[in-house]
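Each remark here refers to the structure printed beneath this line.
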Amino acid sequence: MKTLLQRQFLCIVIVSVAHQANSGICDSLSDGETDICERNVTVLKDPRRQSSISSDLYPGQSLLCDAALTETWYRFEDDAGNGLTIPTGKQCLKAGQCGTTAPLNIPGDVANPSVEDGIVSRQACGELNGTCCALNYTICLRKCSNGAILYYLRRPHGCPISYCTTGNTAVLCKDGQIFNQQKYQCEGYPQMTSYPEIGLDKDKSNRDKQIAFGCSIPETKPSSDNDEFEVKWIVDDGEPHNNRVVNVTSGINKVYTTIKELRITHLGFHIQCQVRSKFGGNDTTSPWKTSNTFFAGLSVYPAFVEVAEDDELPTNVTVWPTVPIFCSNKPLNYSCKIVLSLRVSFVDYEDIVMSRCGLEFTESDWDRAVTFDVTAVQDSVSDGDTRSAIVVKLLNESKSAASQYKTPEEWLKHHQVKIEVHSRDAPSRQCYSIYDPHYKTFDGRHYNYQNVGEYIFAKSTVRKFQVNTRIWVCREREKWKTAACNCGVAIADGDDIISIDMCQWQNANRTVFKQIPLRVKIRSPNKWPTSRFGVFHNKKGNEYKVQTSSGATVRVLAGRWGMSVYLTVPASDNNRTAGLCGNNNNNTSDDLKDPTGSETIYIKKFVQSWRVSRNESLFRVSPSETPTPNKAEKYCRCNDESGTDCTISNFVKSVEVTPAKWIPLLHPPRLVERSVEESDLTTSDDDFDDDYKFNYIDSDINFVEPSWPTPNGITNEEAYQLCRDGLYESAVVKACMALDLLTSSDAIDRTLADCVEDIKLTDDLSWVPSYLSVIEESCVQESLKNKSLWINTDPSVTSIDELIKPPQVLKEAFCEGNCSGRGTCLDGVCQCPSGYTDSDCSVEVDRPPELYGFTNLGLCDVRHHPCRRTFVVGDGFLDTGNLICYIEDTLANGTVLLTKTKGEFQAVNEVICPLPNMRIQLGNSSPLTVDVGHRVNVRVSLDGGRLINNAVNYTSYDSVCQNCTSPTHCQLKPNSCLINNRCYGAGEASEHNWCVQCVPQKDNYRWSKHLGRPVLERVPSHIHVIRGANVTVHLRADNPVGNRTTFKLRPTLPFTTLVHTVNNSAVWKWTVPKAVKTGDFLLEVQAIDECGRRSNPRTIRVHVHRCPCKNSGDCLFTRSHLNAD
């Protein structure tokens, strides 16, 4: 809640600062202005504006607010007609003065202007949260010769804010009376000095064992033993409930009610109370004062969550009950509580995980908030953004012996709470180093290099993530070294380091060992097992998978001679990596860069630049003592299909052909704190020696190129045939080639050549299974780039919003969902028994689908979408070819219009329903409670109407004038209009008539006359003319409406012409008759626009002079006198 208040305060500050940009308004008023003091300006004389008056001196009145003020010139007066001014001084006025909450004055060492100063600008300021001038508006001042000060006032944005004046002549009513501003007289009823407040009354609730609300009665000023109050309750903006009259003489200052008295049987509602006052025996009542709104039920914050695959930290969601939990007639030995299920409803596919799948609150600890984490699954599929919703639902009471509890009936009827989640996709790339070693960078460049040492395989340039690999001599013949292979990998993510190592076996006889043992060690200041890593292995122990909280995945495949390392990084590392894997910028030509960023064309120079010393080794360093923030220890997959699955690695989703082979390495029954020294793990009882001798120094070992045949007699032809048969004849390769995922020039031929080369280097025929794994990995990576391979293979499916699954041909005998335990799996396809259908035999043929809602939560803004069709989410949809959508539209008179449209099958859980014209309905209620959204009910039938399901609500609305928080809760925005079923913003003119506009403060449902009117800008106040001479006067006006303006002069003089020009200007010409009388007369000028709105008239004083020149001399008029020749 604090965050929301801060956001509201920020909006006020932005608005006030925006007014400072209008300081030039006073200059524009001065331009061409001649005498503002002679204009008829509006007089403001509300006595509450005076600074000596506080906001609580007028019982029953609303606080002053100038938000509807027209921006023009004003004069302040008291009741006697004396002029008042806006107070000046060093400080802002305090909140509560001048009959408002935020009074505006002119602070600072500034004086009021003099007559000679003309129009000047000043800052009108208001105090907010103790800060002077947190609210500020530029206003203009003009002092007239009569001593009066005129003000050009700006309209404040917000309430209650108003301008303050000096003076102390306000009308003070007698005790027991208030001042009626409309009648301008004192009337009698008690003034409530504040607003009522409603909230949960814990004491009464606990005492009576039922949910009770208390409505506080405001204090009155002046107070009386004869005060009476009428109280009513409003539930969900509906009709008043449980009206009661309460007399304060009984000592009651709070009125109570319960959900039983209100006849409410479910929670999840909003409640308010209203109070009005009167004197006993008097029928005059105060206006209703409405309390705050209290929500009774389950609160969730935030209601909309955005996550991304490259987020560093999860998003927190908080849940808390606002009312207690009471159980009546609870069986003995039963507990009283509510149990909440957190389930993810997927619109697209499973792409988010949570730190827990359930919550519970008991009768004794209900008054608390519980937080859970939500994060996007780090996957390697280019699957696009996904949408889902977390459904918070109350579970039915349990009667099992293990967990016996009862849930109150009103809680069981609580509506479901949905949290909308949007997950943003992020592409990933893979780099690898295969055995002895063959490299491929993130950008796809291939190179080979053999030498020993530890190297930076890849590192992030923006975060604490690095992968090092160690290389040893893996094959020697007599005294000659023939091959170097990867023997270890260390991953540092934040402060956590994990190493998978076989390098300590460098002296072992690898011709005897069929598999070199791997050692795993983790060093971390975090909890054990570390929350940075998810570590998995296969049963054989020669494959490991490490998933990091940052979204990177490292795969290690160990063989007799060494290991292959595959590193996949998230999109956050694009163009932000360095090391042997390159810079990850999708450009192979600049991958060979050293740590300084310099490029080279020499592989040896490039690789050696990333070599590390012993002191820099990730296999030896210890993490920092203070851990950096990381994600939760575990994440849960919470959906109805998979149930509840909580492991440390769920935040990373690896696409697996055989996912069952992976076994979590770190999964103890509980988590305990351990020091850095204690947090070591090995996969056997053997001690792991960090300080085994490893060659960090020798960077230039000469490797001897062996020749055919090998010492064991293996020929080149035999090796080639063995590798070719082992690769090409495998089922995996055949499936990948059938999908065109492997090309002969890339994966197959390159892998085949590497297989043959490694047989020659090691004199060992056991390489085929190892390189088959290389083929499998290449196939999977290529398939991930082809999104069409991972969606439902049904030919009718065209939307990508489908449950993504591995290609069926790669799954081999793995059937979807184990055919729901009903069918049989044949070649990866479920054969369903009679009565069931769909790919996993989960749908009953004769059962209608169940509707859950819509992908957009049942709301459509016509300002941003055509609202012509909607995605209906449910379960059990089938592509029958006869899908019918039923749209039920209930008119204001109760008539139901039924429209049938043909549904479009998308998936078993989604159908597209075309919609009829979604008009905006006014309804038949009063304007204050008008239903501004247009709501319809939607149903779906699979067979043209025989089997039809439950209905769900769908609402279309226009965000310009409407605010909808759910399909059943829409309101008209206060600063807008709904006219003829169309929305208009404040000040927006009719498209058919420029002369009318939306003026919410006048009428929200009908056009109002335009507030603006022409303003004369260029009119002289005096002109001097000579009888018989020609006079030319230029006139100009400003019209805020923008339409054409004409001018009218009175009286009409003979021998005059008025020519209108462009830009609302005109030229008045007069040939002064020689017979006209000398002296002065007044000429009135007025501007009139096309809408008939007239400007304030301006007067021109015309001075007619006789020419005293004799002998046909010409008269020339100057500023001071007449010249005669």
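A note on labels: chains of the structure tokens are A, B, ... as shown, every chain counts residues from 1, and ligands are counted from 1 in their shown order.
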Per DSSP on the backbone, what are the helix (DSSP H, G or I) residues of stretch 27-169 of chain A, as a tab-separated table (two decimals) with N, CA, C and O atoms, in the first residue's frame?
```
chain	number	residue	atom	x	y	z
A	27	ASP	N	3.41	37.03	-19.58
A	27	ASP	CA	3.93	37.83	-20.69
A	27	ASP	C	2.93	37.88	-21.83
A	27	ASP	O	2.75	38.91	-22.48
A	28	SER	N	2.28	36.75	-22.10
A	28	SER	CA	1.30	36.74	-23.19
A	28	SER	C	0.09	37.58	-22.86
A	28	SER	O	-0.52	38.18	-23.74
A	29	LEU	N	-0.28	37.66	-21.57
A	29	LEU	CA	-1.40	38.51	-21.17
A	29	LEU	C	-1.03	39.98	-21.31
A	29	LEU	O	-1.86	40.82	-21.62
A	30	SER	N	0.26	40.31	-21.08
A	30	SER	CA	0.71	41.69	-21.18
A	30	SER	C	0.75	42.15	-22.62
A	30	SER	O	0.59	43.33	-22.93
A	36	ILE	N	-6.65	46.18	-18.13
A	36	ILE	CA	-7.42	45.09	-17.50
A	36	ILE	C	-8.30	45.62	-16.39
A	36	ILE	O	-9.37	45.09	-16.11
A	37	CYS	N	-7.84	46.69	-15.74
A	37	CYS	CA	-8.56	47.21	-14.56
A	37	CYS	C	-9.95	47.72	-14.91
A	37	CYS	O	-10.80	47.86	-14.03
A	38	GLU	N	-10.20	48.03	-16.18
A	38	GLU	CA	-11.51	48.53	-16.56
A	38	GLU	C	-12.46	47.42	-17.01
A	38	GLU	O	-13.59	47.67	-17.36
A	47	PRO	N	-16.46	33.53	2.13
A	47	PRO	CA	-15.73	33.90	3.36
A	47	PRO	C	-14.78	32.81	3.85
A	47	PRO	O	-13.86	33.08	4.61
A	48	ARG	N	-14.98	31.56	3.40
A	48	ARG	CA	-14.10	30.50	3.86
A	48	ARG	C	-12.68	30.64	3.34
A	48	ARG	O	-11.75	30.01	3.83
A	49	ARG	N	-12.48	31.45	2.27
A	49	ARG	CA	-11.15	31.62	1.71
A	49	ARG	C	-10.21	32.39	2.64
A	49	ARG	O	-9.00	32.36	2.46
```
Neighbour list for stretch 95-97 of chain A as number ranges by chain, cut-off 10 Å, only C-alpha atoms, skip fewer than 6 positions in-chain: A: 48-56, 63, 103-104, 126-130, 161, 164
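Comparing A:Thr901, A:Ser499, A:Asn1064, A:Gln404 by their smallest distance to A:Cys885, the closest is A:Thr901 (using only C-alpha atoms).
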Nearest-residue call for A:Cys1107, choices A:Val1025, A:Phe213, A:Asp1080, A:Val756, using only C-alpha atoms: A:Val1025
All strand (DSSP E) residues (DSSP, backbone) inside stretch 983-1063 of chain A, as a ChimeraX atom specification: /A:983-985,996-997,1008-1009,1015-1018,1022-1026,1030-1038,1045-1050,1056-1061
Close residues, stretch 867-875 of chain A itself excluded, 9 Å, only C-alpha atoms, min 6 positions apart in chain, as a VMD selection string: chain A and resid 347 843 849 to 856 858 860 to 861 906 908 to 918 938 940 952 954 956
Best match for closeness to A:Arg614 among A:His969, A:Arg946, A:Lys1074, A:Arg470, counting only C-alpha atoms: A:Arg470
For A:His438, the nearest of the candidates A:Asn712, A:Thr751, A:Asn584, A:Gln962, counting only C-alpha atoms: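 Ranked by minimum distance to A:His438, first place goes to A:Thr751.
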Given only C-alpha atoms as the counted atoms, nearest of A:Ser707, A:Asn585, A:Thr1052, A:Gln504 to A:Cys487: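 With only C-alpha atoms as the atom set, the closest residue is A:Gln504.
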Near-A:Leu1083 list (7 Å; only C-alpha atoms; drop same-chain fewer than 5 positions) as a ChimeraX atom specification: /A:1049-1051,1099-1101
Could you write those residues out with C-alpha atoms, as an mmCIF file, in the first residue's frame?
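Once everything was written out, this is part-v3.cif:
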```
data_model
loop_
_atom_site.group_PDB
_atom_site.id
_atom_site.type_symbol
_atom_site.label_atom_id
_atom_site.label_comp_id
_atom_site.auth_asym_id
_atom_site.auth_seq_id
_atom_site.Cartn_x
_atom_site.Cartn_y
_atom_site.Cartn_z
ATOM 1 C CA LEU A 1049 -19.209 47.942 -33.283
ATOM 2 C CA ARG A 1050 -21.893 50.073 -31.699
ATOM 3 C CA PRO A 1051 -23.131 52.633 -32.554
ATOM 4 C CA THR A 1099 -14.854 50.635 -25.285
ATOM 5 C CA ILE A 1100 -12.920 52.985 -27.545
ATOM 6 C CA ARG A 1101 -13.074 56.687 -26.540
#
```
Shell of 9 Å around stretch 193-202 of chain A, only C-alpha atoms, local chain residues under 4 positions omitted, as a ChimeraX atom specification: /A:56-57,59-60,206-207,211-221,256,271-275,289-296,322-324
Selected residue, from A:Ser121, A:Asn882, A:Thr318, A:Asn695, that lies nearest to A:Gly903 when counting only C-alpha atoms: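 Among A:Ser121, A:Asn882, A:Thr318, A:Asn695, it is A:Asn882 that comes nearest to A:Gly903.
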Pairwise distance for atom CA of A:Phe606 and atom CA of A:Gly579, rounded to one decimal in Å: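 Atom CA of A:Gly579 lies 9.1 Å from atom CA of A:Phe606.
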